[in-house]
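Just my_file.txt here, compact mmCIF, C-alpha atoms:
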# COMPACT_ATOMS: atom_id res chain seq x y z
CA MET A 4 -6.28 -29.98 -12.69
CA SER A 5 -6.68 -28.52 -9.23
CA VAL A 6 -9.38 -31.10 -8.32
CA ARG A 7 -6.68 -33.73 -8.74
CA TYR A 8 -4.36 -31.99 -6.29
CA ALA A 9 -7.15 -31.06 -3.91
CA LEU A 10 -8.01 -34.77 -3.63
CA LEU A 11 -4.33 -35.61 -3.13
CA ALA A 12 -4.18 -32.99 -0.36
CA LEU A 13 -7.21 -34.50 1.38
CA LEU A 14 -5.68 -37.98 1.11
CA SER A 15 -2.43 -36.70 2.61
CA GLU A 16 -4.35 -36.44 5.90
CA GLY A 17 -5.10 -40.21 5.86
CA SER A 18 -7.03 -42.77 3.83
CA LYS A 19 -10.56 -41.90 2.72
CA TYR A 20 -13.55 -43.09 0.68
CA GLY A 21 -14.80 -41.40 -2.49
CA MET A 22 -17.96 -39.93 -0.98
CA GLN A 23 -16.02 -38.65 2.00
CA LEU A 24 -13.54 -36.95 -0.37
CA ARG A 25 -16.35 -35.19 -2.17
CA GLU A 26 -17.85 -33.85 1.06
CA GLU A 27 -14.49 -32.73 2.38
CA PHE A 28 -13.56 -31.09 -0.95
CA GLU A 29 -16.71 -28.99 -0.85
CA ALA A 30 -16.19 -27.97 2.78
CA ALA A 31 -12.53 -27.15 2.17
CA THR A 32 -13.35 -24.86 -0.74
CA GLY A 33 -15.94 -22.88 1.17
CA ASP A 34 -18.82 -24.76 -0.52
CA VAL A 35 -18.43 -22.64 -3.61
CA TRP A 36 -17.15 -25.32 -5.98
CA PRO A 37 -19.65 -28.15 -6.16
CA LEU A 38 -18.14 -31.42 -7.31
CA ASN A 39 -20.11 -34.32 -8.72
CA VAL A 40 -19.33 -37.77 -7.49
CA GLY A 41 -18.55 -39.06 -11.01
CA GLN A 42 -15.76 -36.51 -11.24
CA VAL A 43 -14.36 -37.75 -7.93
CA TYR A 44 -14.20 -41.39 -9.07
CA THR A 45 -12.78 -40.53 -12.50
CA THR A 46 -10.06 -38.44 -10.87
CA LEU A 47 -9.31 -41.19 -8.33
CA GLN A 48 -8.93 -43.74 -11.16
CA ARG A 49 -6.46 -41.48 -12.95
CA LEU A 50 -4.48 -40.80 -9.78
CA GLU A 51 -4.30 -44.55 -9.15
CA ARG A 52 -3.24 -45.22 -12.75
CA ASP A 53 -0.44 -42.64 -12.37
CA GLY A 54 0.75 -44.25 -9.14
CA LEU A 55 -0.03 -41.20 -6.96
CA ILE A 56 -2.59 -43.04 -4.82
CA GLU A 57 -3.47 -46.65 -4.15
CA SER A 58 -6.68 -48.35 -3.14
CA GLU A 59 -6.66 -50.19 0.14
CA ASP A 60 -8.61 -53.30 -0.98
CA ASP A 61 -9.86 -55.02 -4.09
CA ASP A 62 -13.54 -54.38 -3.57
CA GLU A 63 -15.26 -54.04 -6.97
CA ASP A 64 -17.71 -51.50 -5.60
CA GLU A 65 -15.97 -48.08 -5.76
CA ARG A 66 -18.09 -46.76 -2.90
CA GLN A 67 -16.57 -49.34 -0.59
CA LYS A 68 -12.98 -48.60 -1.59
CA GLY A 69 -10.64 -46.58 0.58
CA TYR A 70 -7.71 -44.71 -0.98
CA ARG A 71 -4.36 -43.55 0.36
CA ILE A 72 -1.62 -41.34 -1.03
CA THR A 73 1.69 -42.88 -2.20
CA ALA A 74 5.17 -41.41 -1.64
CA GLN A 75 5.18 -40.30 -5.29
CA GLY A 76 1.78 -38.64 -4.71
CA ALA A 77 3.13 -36.69 -1.74
CA THR A 78 6.13 -35.52 -3.80
CA ASP A 79 3.91 -34.43 -6.70
CA LEU A 80 1.57 -32.56 -4.33
CA ALA A 81 4.43 -30.65 -2.67
CA GLU A 82 5.79 -29.72 -6.09
CA TRP A 83 2.39 -28.49 -7.32
CA LEU A 84 1.82 -26.34 -4.20
CA HIS A 85 5.03 -24.43 -4.90
CA THR A 86 4.64 -24.10 -8.67
CA PRO A 87 3.23 -20.71 -9.72
CA PRO A 88 0.05 -20.80 -11.78
CA ALA A 89 0.30 -19.56 -15.35
CA THR A 90 0.13 -15.83 -14.59
CA ALA A 91 3.23 -14.64 -16.43
CA ALA A 92 1.53 -14.10 -19.77
CA PRO A 93 -1.49 -11.75 -19.73
CA PRO A 94 -4.70 -13.72 -20.14
CA ARG A 95 -6.93 -12.79 -23.04
CA ASP A 96 -9.29 -10.99 -20.74
CA GLU A 97 -12.79 -10.57 -22.11
CA LEU A 98 -13.39 -7.26 -20.33
CA VAL A 99 -10.10 -5.75 -21.55
CA THR A 100 -10.98 -6.91 -25.06
CA LYS A 101 -14.40 -5.25 -24.85
CA ILE A 102 -12.91 -1.90 -23.83
CA LEU A 103 -10.29 -2.11 -26.60
CA VAL A 104 -13.00 -2.94 -29.12
CA ALA A 105 -15.21 -0.11 -27.82
CA LEU A 106 -12.40 2.36 -28.63
CA ARG A 107 -12.68 1.42 -32.29
CA VAL A 108 -16.45 1.44 -32.72
CA PRO A 109 -17.73 4.77 -34.06
CA GLY A 110 -20.46 6.38 -31.99
CA VAL A 111 -19.73 4.33 -28.87
CA ASP A 112 -19.11 6.31 -25.68
CA VAL A 113 -16.22 4.38 -24.10
CA HIS A 114 -16.79 6.07 -20.72
CA GLU A 115 -20.33 4.77 -20.75
CA VAL A 116 -19.14 1.24 -21.59
CA ILE A 117 -16.57 1.45 -18.77
CA GLN A 118 -19.23 2.66 -16.34
CA ALA A 119 -21.61 -0.16 -17.31
CA HIS A 120 -18.92 -2.68 -16.37
CA ARG A 121 -17.98 -0.79 -13.23
CA ARG A 122 -21.60 -0.83 -12.09
CA GLN A 123 -21.94 -4.57 -12.67
CA VAL A 124 -18.68 -5.40 -10.90
CA VAL A 125 -19.50 -3.18 -7.90
CA GLU A 126 -22.89 -4.87 -7.69
CA LEU A 127 -21.18 -8.28 -7.58
CA MET A 128 -18.84 -6.95 -4.90
CA GLN A 129 -21.87 -5.85 -2.86
CA GLN A 130 -23.18 -9.41 -3.03
CA TRP A 131 -19.87 -10.88 -1.84
CA THR A 132 -19.50 -8.24 0.87
CA ARG A 133 -22.98 -9.09 2.15
CA PHE A 134 -21.62 -12.50 3.24
CA LYS A 135 -19.11 -10.62 5.41
CA ALA A 136 -21.69 -8.19 6.73
CA ASP A 137 -24.13 -10.97 7.63
CA ASP A 138 -21.57 -13.27 9.20
CA ALA A 139 -18.53 -11.81 10.93
CA GLU A 140 -17.36 -15.29 11.95
CA MET A 141 -17.51 -17.18 8.66
CA ASP A 142 -15.42 -20.32 8.36
CA LEU A 143 -11.86 -19.91 7.09
CA PRO A 144 -12.14 -21.55 3.63
CA PHE A 145 -15.23 -19.51 2.72
CA ALA A 146 -13.72 -16.30 4.14
CA LEU A 147 -10.65 -16.84 1.93
CA VAL A 148 -12.80 -17.44 -1.15
CA VAL A 149 -14.85 -14.29 -0.45
CA ASP A 150 -11.68 -12.19 -0.05
CA ALA A 151 -10.15 -13.70 -3.18
CA GLU A 152 -13.23 -12.71 -5.17
CA LEU A 153 -13.41 -9.23 -3.64
CA THR A 154 -9.71 -8.66 -4.35
CA ARG A 155 -10.10 -9.83 -7.94
CA LEU A 156 -13.22 -7.74 -8.55
CA GLY A 157 -11.70 -4.72 -6.76
CA ALA A 158 -8.71 -4.92 -9.11
CA ILE A 159 -11.08 -4.88 -12.09
CA VAL A 160 -12.78 -1.72 -10.78
CA ARG A 161 -9.35 -0.12 -10.29
CA TRP A 162 -8.34 -1.00 -13.82
CA LEU A 163 -11.61 0.44 -15.15
CA GLY A 164 -10.76 3.65 -13.26
CA PHE A 165 -7.31 3.80 -14.86
CA ALA A 166 -8.82 3.08 -18.28
CA ASP A 167 -11.39 5.84 -17.79
CA LYS A 168 -8.64 8.37 -16.98
CA GLN A 169 -6.41 7.24 -19.83
CA VAL A 170 -9.23 7.54 -22.34
CA THR A 171 -9.96 11.08 -21.07
CA ARG A 172 -6.28 11.99 -21.20
CA ALA A 173 -5.86 10.56 -24.70
CA ALA A 174 -8.81 12.65 -25.90
CA LYS A 175 -7.25 15.82 -24.45
CA ALA A 176 -3.64 15.21 -25.44
CA PRO A 177 -2.35 16.62 -28.73
CA VAL A 178 -2.49 13.94 -31.36
CA GLN A 179 0.98 12.94 -32.58
CA SER A 180 0.30 13.12 -36.27
CA THR A 181 0.19 15.52 -39.16
CA THR A 182 -3.57 15.83 -38.87
CA PRO A 183 -4.66 19.46 -39.51
CA LYS A 184 -5.29 21.46 -36.34
CA LEU A 185 -9.02 21.80 -36.91
CA ARG A 186 -9.45 18.08 -37.19
CA ARG A 187 -7.47 17.54 -34.03
CA ARG A 188 -9.85 19.80 -32.17
CA MET A 189 -12.78 17.84 -33.51
CA VAL A 190 -11.18 14.65 -32.21
CA VAL A 191 -10.91 16.28 -28.81
CA ARG A 192 -14.57 17.16 -28.75
CA SER A 193 -15.75 13.74 -29.79
CA MET B 14 -39.03 4.93 7.29
CA SER B 15 -38.11 8.54 7.63
CA ARG B 16 -35.92 10.47 5.27
CA VAL B 17 -32.82 11.88 6.97
CA LEU B 18 -31.04 13.47 4.02
CA GLU B 19 -32.48 14.84 0.83
CA LEU B 20 -30.37 16.59 -1.79
CA ARG B 21 -32.36 18.03 -4.68
CA ASP B 22 -30.76 19.26 -7.90
CA ILE B 23 -27.60 20.31 -6.13
CA SER B 24 -25.15 22.34 -8.20
CA LYS B 25 -21.99 23.99 -6.99
CA SER B 26 -19.71 26.31 -8.92
CA TYR B 27 -16.49 27.94 -7.78
CA GLY B 28 -15.32 31.18 -9.39
CA GLU B 29 -17.23 33.27 -11.88
CA GLY B 30 -17.63 33.83 -15.59
CA ALA B 31 -15.16 32.11 -17.87
CA ASN B 32 -13.12 30.87 -14.89
CA ALA B 33 -16.07 29.21 -13.18
CA VAL B 34 -15.58 25.56 -12.30
CA ARG B 35 -18.67 23.47 -11.91
CA ALA B 36 -17.94 21.00 -9.11
CA LEU B 37 -21.45 19.55 -8.95
CA ASP B 38 -24.15 19.55 -11.57
CA GLU B 39 -27.74 18.85 -10.51
CA VAL B 40 -27.05 15.91 -8.25
CA ASN B 41 -29.90 14.22 -6.38
CA LEU B 42 -29.50 11.96 -3.40
CA SER B 43 -31.83 10.80 -0.67
CA VAL B 44 -30.95 8.64 2.32
CA ASP B 45 -33.45 7.11 4.76
CA GLU B 46 -32.73 6.20 8.35
CA GLY B 47 -30.89 2.90 8.68
CA HIS B 48 -29.43 3.14 5.19
CA LEU B 49 -25.83 3.30 4.05
CA VAL B 50 -25.15 4.98 0.72
CA ALA B 51 -21.74 5.15 -0.90
CA VAL B 52 -20.77 7.89 -3.32
CA MET B 53 -18.06 6.63 -5.57
CA GLY B 54 -15.93 8.48 -8.04
CA PRO B 55 -12.36 9.40 -8.93
CA SER B 56 -10.63 12.38 -7.31
CA GLY B 57 -12.05 15.59 -8.68
CA SER B 58 -15.45 14.06 -9.37
CA GLY B 59 -17.15 16.25 -6.75
CA LYS B 60 -17.75 13.66 -4.07
CA SER B 61 -16.12 15.57 -1.20
CA THR B 62 -17.99 18.74 -2.22
CA LEU B 63 -21.21 16.74 -2.12
CA LEU B 64 -20.40 15.63 1.42
CA THR B 65 -19.59 19.12 2.70
CA ILE B 66 -22.87 20.40 1.22
CA ALA B 67 -24.80 17.49 2.78
CA GLY B 68 -23.13 18.35 6.10
CA SER B 69 -24.12 22.05 5.84
CA LEU B 70 -20.45 23.04 5.89
CA GLU B 71 -20.86 24.66 2.51
CA ALA B 72 -23.91 26.03 0.66
CA PRO B 73 -24.82 24.86 -2.83
CA THR B 74 -24.95 27.39 -5.69
CA SER B 75 -28.41 26.06 -6.43
CA GLY B 76 -30.62 23.24 -5.27
CA GLU B 77 -32.07 22.27 -1.92
CA VAL B 78 -30.69 20.39 1.09
CA GLN B 79 -33.05 18.93 3.68
CA ILE B 80 -31.80 17.28 6.84
CA ALA B 81 -34.30 15.44 9.02
CA GLY B 82 -37.12 17.23 7.20
CA ALA B 83 -35.76 20.76 7.66
CA SER B 84 -34.57 22.82 4.73
CA LEU B 85 -31.11 24.34 5.23
CA SER B 86 -31.85 27.36 3.05
CA SER B 87 -34.40 28.65 5.56
CA MET B 88 -32.15 28.15 8.59
CA SER B 89 -30.15 30.80 10.40
CA SER B 90 -26.46 30.15 10.86
CA ASN B 91 -27.12 29.45 14.54
CA ASP B 92 -29.69 26.81 13.62
CA LYS B 93 -27.25 25.25 11.19
CA ALA B 94 -24.52 25.19 13.84
CA ARG B 95 -26.91 23.47 16.24
CA LEU B 96 -27.84 20.93 13.55
CA ARG B 97 -24.16 20.20 12.99
CA ARG B 98 -23.57 19.69 16.70
CA ARG B 99 -26.63 17.55 17.37
CA THR B 100 -27.68 15.71 14.27
CA ILE B 101 -24.66 15.25 12.03
CA GLY B 102 -21.52 13.23 12.68
CA TYR B 103 -18.43 13.61 10.51
CA VAL B 104 -15.67 11.10 9.91
CA PHE B 105 -12.58 12.21 8.01
CA GLN B 106 -9.71 10.32 6.50
CA ASP B 107 -7.22 11.71 9.03
CA PHE B 108 -9.46 11.16 12.09
CA ASN B 109 -9.26 14.80 13.34
CA LEU B 110 -9.00 13.83 17.00
CA LEU B 111 -7.74 16.48 19.43
CA PRO B 112 -4.34 15.31 20.69
CA GLY B 113 -4.68 16.82 24.18
CA LEU B 114 -7.93 15.00 24.97
CA THR B 115 -8.45 11.34 25.88
CA ALA B 116 -10.56 9.10 23.65
CA ALA B 117 -13.55 9.57 25.99
CA GLU B 118 -13.08 13.36 26.04
CA ASN B 119 -12.82 13.50 22.25
CA VAL B 120 -16.05 11.53 21.90
CA SER B 121 -18.01 13.55 24.45
CA LEU B 122 -16.76 16.93 23.20
CA PRO B 123 -19.57 17.54 20.66
CA LEU B 124 -22.14 17.00 23.42
CA GLU B 125 -20.37 19.35 25.82
CA LEU B 126 -20.16 22.00 23.10
CA ASP B 127 -23.90 21.56 22.70
CA GLY B 128 -24.47 22.39 26.39
CA VAL B 129 -24.88 18.86 27.78
CA SER B 130 -23.44 18.65 31.33
CA ALA B 131 -19.91 17.29 31.56
CA ARG B 132 -21.05 14.24 33.53
CA LYS B 133 -23.83 13.32 31.11
CA ALA B 134 -21.59 13.94 28.11
CA HIS B 135 -18.87 11.73 29.63
CA LEU B 136 -21.34 8.87 30.22
CA ALA B 137 -22.68 9.15 26.66
CA GLY B 138 -19.09 9.18 25.38
CA LEU B 139 -18.25 6.03 27.31
CA ALA B 140 -21.41 4.35 26.02
CA ALA B 141 -20.48 5.17 22.41
CA LEU B 142 -16.95 3.82 22.95
CA GLU B 143 -18.33 0.68 24.54
CA GLN B 144 -20.70 0.07 21.63
CA LEU B 145 -17.69 0.09 19.34
CA GLY B 146 -15.61 -2.20 21.54
CA LEU B 147 -13.27 0.55 22.77
CA ALA B 148 -14.24 0.77 26.45
CA ASP B 149 -10.70 -0.16 27.53
CA ARG B 150 -9.22 2.67 25.45
CA ALA B 151 -11.39 5.43 26.96
CA GLU B 152 -8.59 7.06 28.96
CA HIS B 153 -5.91 6.76 26.25
CA TYR B 154 -4.71 9.79 24.31
CA PRO B 155 -4.75 9.65 20.48
CA ASP B 156 -0.98 9.12 20.26
CA GLN B 157 -1.37 6.02 22.44
CA LEU B 158 -3.84 4.49 19.97
CA SER B 159 -3.21 2.64 16.70
CA GLY B 160 -4.52 4.10 13.43
CA GLY B 161 -7.44 1.68 13.44
CA GLU B 162 -8.33 2.56 17.04
CA ARG B 163 -8.16 6.30 16.30
CA GLN B 164 -10.58 5.92 13.45
CA ARG B 165 -12.93 3.87 15.66
CA VAL B 166 -12.82 6.67 18.25
CA ALA B 167 -13.63 9.15 15.45
CA ILE B 168 -16.62 7.00 14.50
CA ALA B 169 -17.75 6.81 18.13
CA ARG B 170 -17.59 10.62 18.21
CA SER B 171 -19.64 10.83 15.01
CA VAL B 172 -22.50 8.75 16.44
CA VAL B 173 -22.46 9.94 20.06
CA GLY B 174 -25.77 11.21 21.46
CA GLU B 175 -28.74 11.41 19.13
CA ARG B 176 -26.94 11.82 15.84
CA ARG B 177 -28.98 10.80 12.83
CA LEU B 178 -26.68 11.44 9.90
CA LEU B 179 -23.13 10.12 9.58
CA LEU B 180 -21.00 11.60 6.80
CA ALA B 181 -17.67 9.92 6.10
CA ASP B 182 -15.00 11.04 3.65
CA GLU B 183 -12.64 8.18 2.72
CA PRO B 184 -13.01 6.85 6.26
CA SER B 185 -10.40 4.14 5.89
CA GLY B 186 -7.90 6.23 3.93
CA ALA B 187 -4.60 5.10 5.39
CA LEU B 188 -5.81 1.94 7.14
CA ASP B 189 -5.03 -1.62 6.10
CA SER B 190 -7.77 -3.88 4.80
CA THR B 191 -8.57 -5.47 8.19
CA ASN B 192 -9.02 -2.07 9.82
CA SER B 193 -10.96 -0.74 6.81
CA GLU B 194 -13.32 -3.63 7.19
CA ALA B 195 -13.70 -2.91 10.92
CA VAL B 196 -14.54 0.72 10.10
CA MET B 197 -17.23 -0.30 7.62
CA ARG B 198 -18.67 -2.83 10.07
CA MET B 199 -19.01 -0.04 12.63
CA ILE B 200 -20.72 2.29 10.22
CA LEU B 201 -23.07 -0.56 9.33
CA GLU B 202 -23.75 -1.15 13.04
CA ALA B 203 -24.61 2.53 13.44
CA CYS B 204 -27.03 2.17 10.51
CA LYS B 205 -28.68 -0.82 12.20
CA ARG B 206 -29.40 1.48 15.13
CA GLY B 207 -31.16 3.90 12.75
CA VAL B 208 -28.39 6.27 11.63
CA ALA B 209 -28.39 7.26 7.94
CA ALA B 210 -24.86 7.21 6.54
CA VAL B 211 -23.11 8.54 3.44
CA VAL B 212 -19.60 7.34 2.71
CA VAL B 213 -17.66 8.93 -0.13
CA THR B 214 -14.80 6.88 -1.50
CA HIS B 215 -12.85 5.96 -4.60
CA ASP B 216 -12.48 2.42 -3.24
CA ALA B 217 -14.90 -0.21 -4.51
CA HIS B 218 -14.18 -2.41 -1.47
CA LEU B 219 -15.60 0.24 0.83
CA ALA B 220 -18.46 1.12 -1.48
CA SER B 221 -19.51 -2.52 -1.64
CA TRP B 222 -20.63 -2.37 2.02
CA ALA B 223 -23.36 0.11 1.08
CA ASP B 224 -27.01 -0.57 0.30
CA ARG B 225 -26.74 1.81 -2.62
CA VAL B 226 -23.85 3.20 -4.62
CA LEU B 227 -24.03 6.50 -6.48
CA PHE B 228 -21.37 7.04 -9.14
CA LEU B 229 -20.12 10.58 -9.72
CA ARG B 230 -18.12 11.69 -12.71
CA ASP B 231 -17.12 15.30 -13.42
CA GLY B 232 -19.68 16.52 -10.89
CA ARG B 233 -22.56 14.59 -12.34
CA SER B 234 -24.32 11.54 -11.07
CA VAL B 235 -23.83 9.07 -13.90
CA ASP B 236 -25.20 5.86 -12.49
CA HIS B 237 -26.21 4.01 -9.37
CA VAL B 238 -26.63 0.48 -8.06
CA ALA B 239 -29.17 -0.62 -5.51
CA PRO B 240 -29.35 -4.39 -5.62
CA ASP B 241 -32.17 -6.23 -3.93
CA PRO B 242 -30.48 -8.05 -1.01
CA SER B 243 -32.61 -11.16 -1.59
CA ASP B 244 -31.53 -11.31 -5.20
CA SER B 245 -28.10 -12.71 -5.86
CA SER B 246 -26.47 -13.72 -9.09
CA LEU B 247 -23.57 -15.46 -7.39
CA ALA B 248 -23.26 -19.01 -8.60
CA THR B 249 -22.51 -20.48 -5.21
CA PRO B 250 -24.63 -22.84 -3.14
CA ARG B 251 -24.49 -20.29 -0.28
CA ALA B 252 -25.78 -17.41 -2.31

Starting from the file, give its structure as structure tokens.
Amino acid sequence: MSVRYALLALLSEGSKYGMQLREEFEAATGDVWPLNVGQVYTTLQRLERDGLIESEDDDEDERQKGYRITAQGATDLAEWLHTPPATAAPPRDELVTKILVALRVPGVDVHEVIQAHRRQVVELMQQWTRFKADDAEMDLPFALVVDAELTRLGAIVRWLGFADKQVTRAAKAPVQSTTPKLRRRMVVRS
Amino acid sequence: MSRVLELRDISKSYGEGANAVRALDEVNLSVDEGHLVAVMGPSGSGKSTLLTIAGSLEAPTSGEVQIAGASLSSMSSNDKARLRRRTIGYVFQDFNLLPGLTAAENVSLPLELDGVSARKAHLAGLAALEQLGLADRAEHYPDQLSGGERQRVAIARSVVGERRLLLADEPSGALDSTNSEAVMRMILEACKRGVAAVVVTHDAHLASWADRVLFLRDGRSVDHVAPDPSDSSLATPRA
């Protein structure tokens, strides 16, 4: 969906050819989202069908066709930019699911599972941070992508930290049940 | 590459008998010159204790600390004090700058305390400030500096002269992300000049600047990461 609006955004600067759109898309997204040319032309055809762009001539060869944005296209683009993405409902996060599942599997050390994920995420963060360390003057789109990833991954590490503490606290807290005292103590030890 | 810090089987307990609290339990850590190691863990995991032991500010209950090849256990307190003045630089969360001294005076103070002449110490202080882009702040007092600038002055002080080991405890504590990044860039710069650095933090953003990350939990080292810089799993054309 966002490829569609990214192309509309590029066309809002002026008319362009398909190949040019592909190159500009990649540069504008910090070169981290490669786009194949087939996807560009398919998207352009749909945008044209929906009346959001129009081609400038009737050339049969797509590579020779220039495209420009229509008034409707500009309205749709502005609306999309201001519409929040679907973040209201919690996503079915795979990592969260794994930790919840780990709580139920006998013999699994949840702290160890949490640490395994923490290690892997920190390692990924090291790789992203290396771009910053190696290049203090990186171009704006790439710098924004790097920070977006680091912020996302940093939030995961923070959540893993909270989860770690909550699991420890839950193991220490008195269990709200009629379980005999001895058994409660055993729960604490495990 | 020479080893600047070596911690072997370090344990630290506070109190005795049934009330004893084990803050560190057989932790090992070695840092070579030019390397930045982060120690990551939640509060109470023992990371600050590890740093004070590495900085010879506190003795371990058991285990051995070597700094630049010399074992701390065989040193007199005078020798340790000299080591702290000459070889080790400390950076704390709250900067610890002396309010009555200018930035340049704060930076050159450790050298003066070590007997370097005032003139030489001042020149070395200015050089350290210049390396960190703070030459124009040399004559400012701490209360005339922003939080980010104060921490940069503290870093300049920690690397002034011939310091070989930089120990930082949550060095970007109250700073915003831009200033935190600047702090880590400076520590990395110091490492490029040969300093060995240990940064303890609970923040993964800071830890991700390090070559290696050691994870502490309840006083124990539970894990570490030391990725090969040439090896990247990022699915981007730049990686």

Exercise for review: Between B:Arg177, B:Arg132, B:Arg233, B:Arg225, single out the one closest to Asp22 of chain B, counting all atoms listed in the file.
Suggested key: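 Using all atoms listed in the file, Asp22 of chain B sits closest to B:Arg233.
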
Point to revise | Residue nearest Met22 of chain A among A:Leu156, A:Val40, A:Met128, A:Leu10 (counting only C-alpha atoms) | key: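 Of the candidates, the smallest distance to Met22 of chain A is held by A:Val40.
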
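Counting from atom CA of Arg161 of chain A, the distance to atom CA of Pro55 of chain B is 10.1 Å.
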
Review point. Using all atoms listed in the file, which chain B residues lie at most 12 Å away from chain A, written as a VMD selection string?
Key: chain B and resid 50 to 51 53 to 58 190 to 191 194 to 202 205 215 to 231 234 to 252

Practice item. Measuring atom to atom with only C-alpha atoms, identify which of A:Val6, A:Gly76, A:Ser15, A:Ala31 is nearest to Ala146 of chain A. Key: A:Ala31

Point to revise | Cut-off 10 Å around (-31.8, 2.1, 13.5) with all atoms listed in the file: residues as a PyMOL selection string | key: chain B and resi 14+46-48+177+202-209

Check your understanding: Please, what distance in Å, to one decimal, runs between atom CA of Leu84 of chain A and atom CA of Ile72 of chain A?
Key ->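 A separation of 15.7 Å between them.
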
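Here atom CA of Ala89 of chain A stands at a distance of 25.9 Å from atom CA of Ala30 of chain A.
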
Practice item. For each of A:Val111, A:Ala74, A:Ala9, A:Ala176, take the minimum atom-to-atom distance to Val43 of chain A, counting only C-alpha atoms, then give the residue where this is smallest. Key: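 Under the stated criterion, the closest residue is A:Ala9.
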
Practice item. Between A:Tyr44, A:Trp83, A:Trp162, A:Tyr70, single out the one closest to Arg25 of chain A, counting only C-alpha atoms. Key: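 Answer, going by the shortest atom-to-atom distance: A:Tyr44.
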
Check your understanding: Which polymer residues have any atom within 9 Å of an atom of segment 101-106 of chain B, counting only C-alpha atoms, with same-chain residues fewer than 2 positions away left out, as a PyMOL selection string?
Key -> chain B and resi 68+96-99+108-109+164+167-168+170-173+176-187

Review point. Which one of A:Glu59, A:Ser5, A:Ala174, A:Leu80 sits closest to Thr46 of chain A if you count only C-alpha atoms?
Key: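 Comparing A:Glu59, A:Ser5, A:Ala174, A:Leu80 against Thr46 of chain A, the winner is A:Ser5.
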
Check your understanding: Within 7 Å of segment 146-163 of chain B, counting all atoms listed in the file, which residues qualify if same-chain residues fewer than 4 places away don't, as a list in words?
Key ->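 Counting only the stated atoms, we get Phe108, Leu110, Pro112, Leu114, Thr115, Ala116, Ala117, Leu139, Leu142, Ala167, Leu188 and Asn192 of chain B.
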
With C-alpha atoms retained, write the just-selected residues as an mmCIF file, in the coordinates of the input.
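Writing done, so here's part-v3.cif:
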data_model
loop_
_atom_site.group_PDB
_atom_site.id
_atom_site.type_symbol
_atom_site.label_atom_id
_atom_site.label_comp_id
_atom_site.auth_asym_id
_atom_site.auth_seq_id
_atom_site.Cartn_x
_atom_site.Cartn_y
_atom_site.Cartn_z
ATOM 1 C CA PHE B 108 -9.460 11.160 12.090
ATOM 2 C CA LEU B 110 -9.000 13.830 17.000
ATOM 3 C CA PRO B 112 -4.340 15.310 20.690
ATOM 4 C CA LEU B 114 -7.930 15.000 24.970
ATOM 5 C CA THR B 115 -8.450 11.340 25.880
ATOM 6 C CA ALA B 116 -10.560 9.100 23.650
ATOM 7 C CA ALA B 117 -13.550 9.570 25.990
ATOM 8 C CA LEU B 139 -18.250 6.030 27.310
ATOM 9 C CA LEU B 142 -16.950 3.820 22.950
ATOM 10 C CA ALA B 167 -13.630 9.150 15.450
ATOM 11 C CA LEU B 188 -5.810 1.940 7.140
ATOM 12 C CA ASN B 192 -9.020 -2.070 9.820
#

Show me, as a CSV table (one decimal) with C-alpha atoms, in the coordinates of the input, the residues that have an atom within 10 Å of Ala77 of chain A when counting all atoms listed in the file, minus same-chain residues fewer than 5 positions from it.
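Below is the file that was written, result_14.csv:
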chain,number,residue,atom,x,y,z
A,8,TYR,CA,-4.4,-32.0,-6.3
A,11,LEU,CA,-4.3,-35.6,-3.1
A,12,ALA,CA,-4.2,-33.0,-0.4
A,14,LEU,CA,-5.7,-38.0,1.1
A,15,SER,CA,-2.4,-36.7,2.6
A,55,LEU,CA,0.0,-41.2,-7.0
A,56,ILE,CA,-2.6,-43.0,-4.8
A,72,ILE,CA,-1.6,-41.3,-1.0
A,82,GLU,CA,5.8,-29.7,-6.1
A,83,TRP,CA,2.4,-28.5,-7.3

Exercise for review: Write out as a PyMOL selection string which residues come within 6 Å of Ser24 of chain B when counting all atoms listed in the file, dropping same-chain ones fewer than 6 positions away.
Suggested key: chain B and resi 37-39+73-75

Take the selection from the previous step and output its residues with C-alpha atoms, as an mmCIF file, in the frame of the given file.
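For reference, selection-v9.cif as written:
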data_model
loop_
_atom_site.group_PDB
_atom_site.id
_atom_site.type_symbol
_atom_site.label_atom_id
_atom_site.label_comp_id
_atom_site.auth_asym_id
_atom_site.auth_seq_id
_atom_site.Cartn_x
_atom_site.Cartn_y
_atom_site.Cartn_z
ATOM 1 C CA LEU B 37 -21.450 19.550 -8.950
ATOM 2 C CA ASP B 38 -24.150 19.550 -11.570
ATOM 3 C CA GLU B 39 -27.740 18.850 -10.510
ATOM 4 C CA PRO B 73 -24.820 24.860 -2.830
ATOM 5 C CA THR B 74 -24.950 27.390 -5.690
ATOM 6 C CA SER B 75 -28.410 26.060 -6.430
#
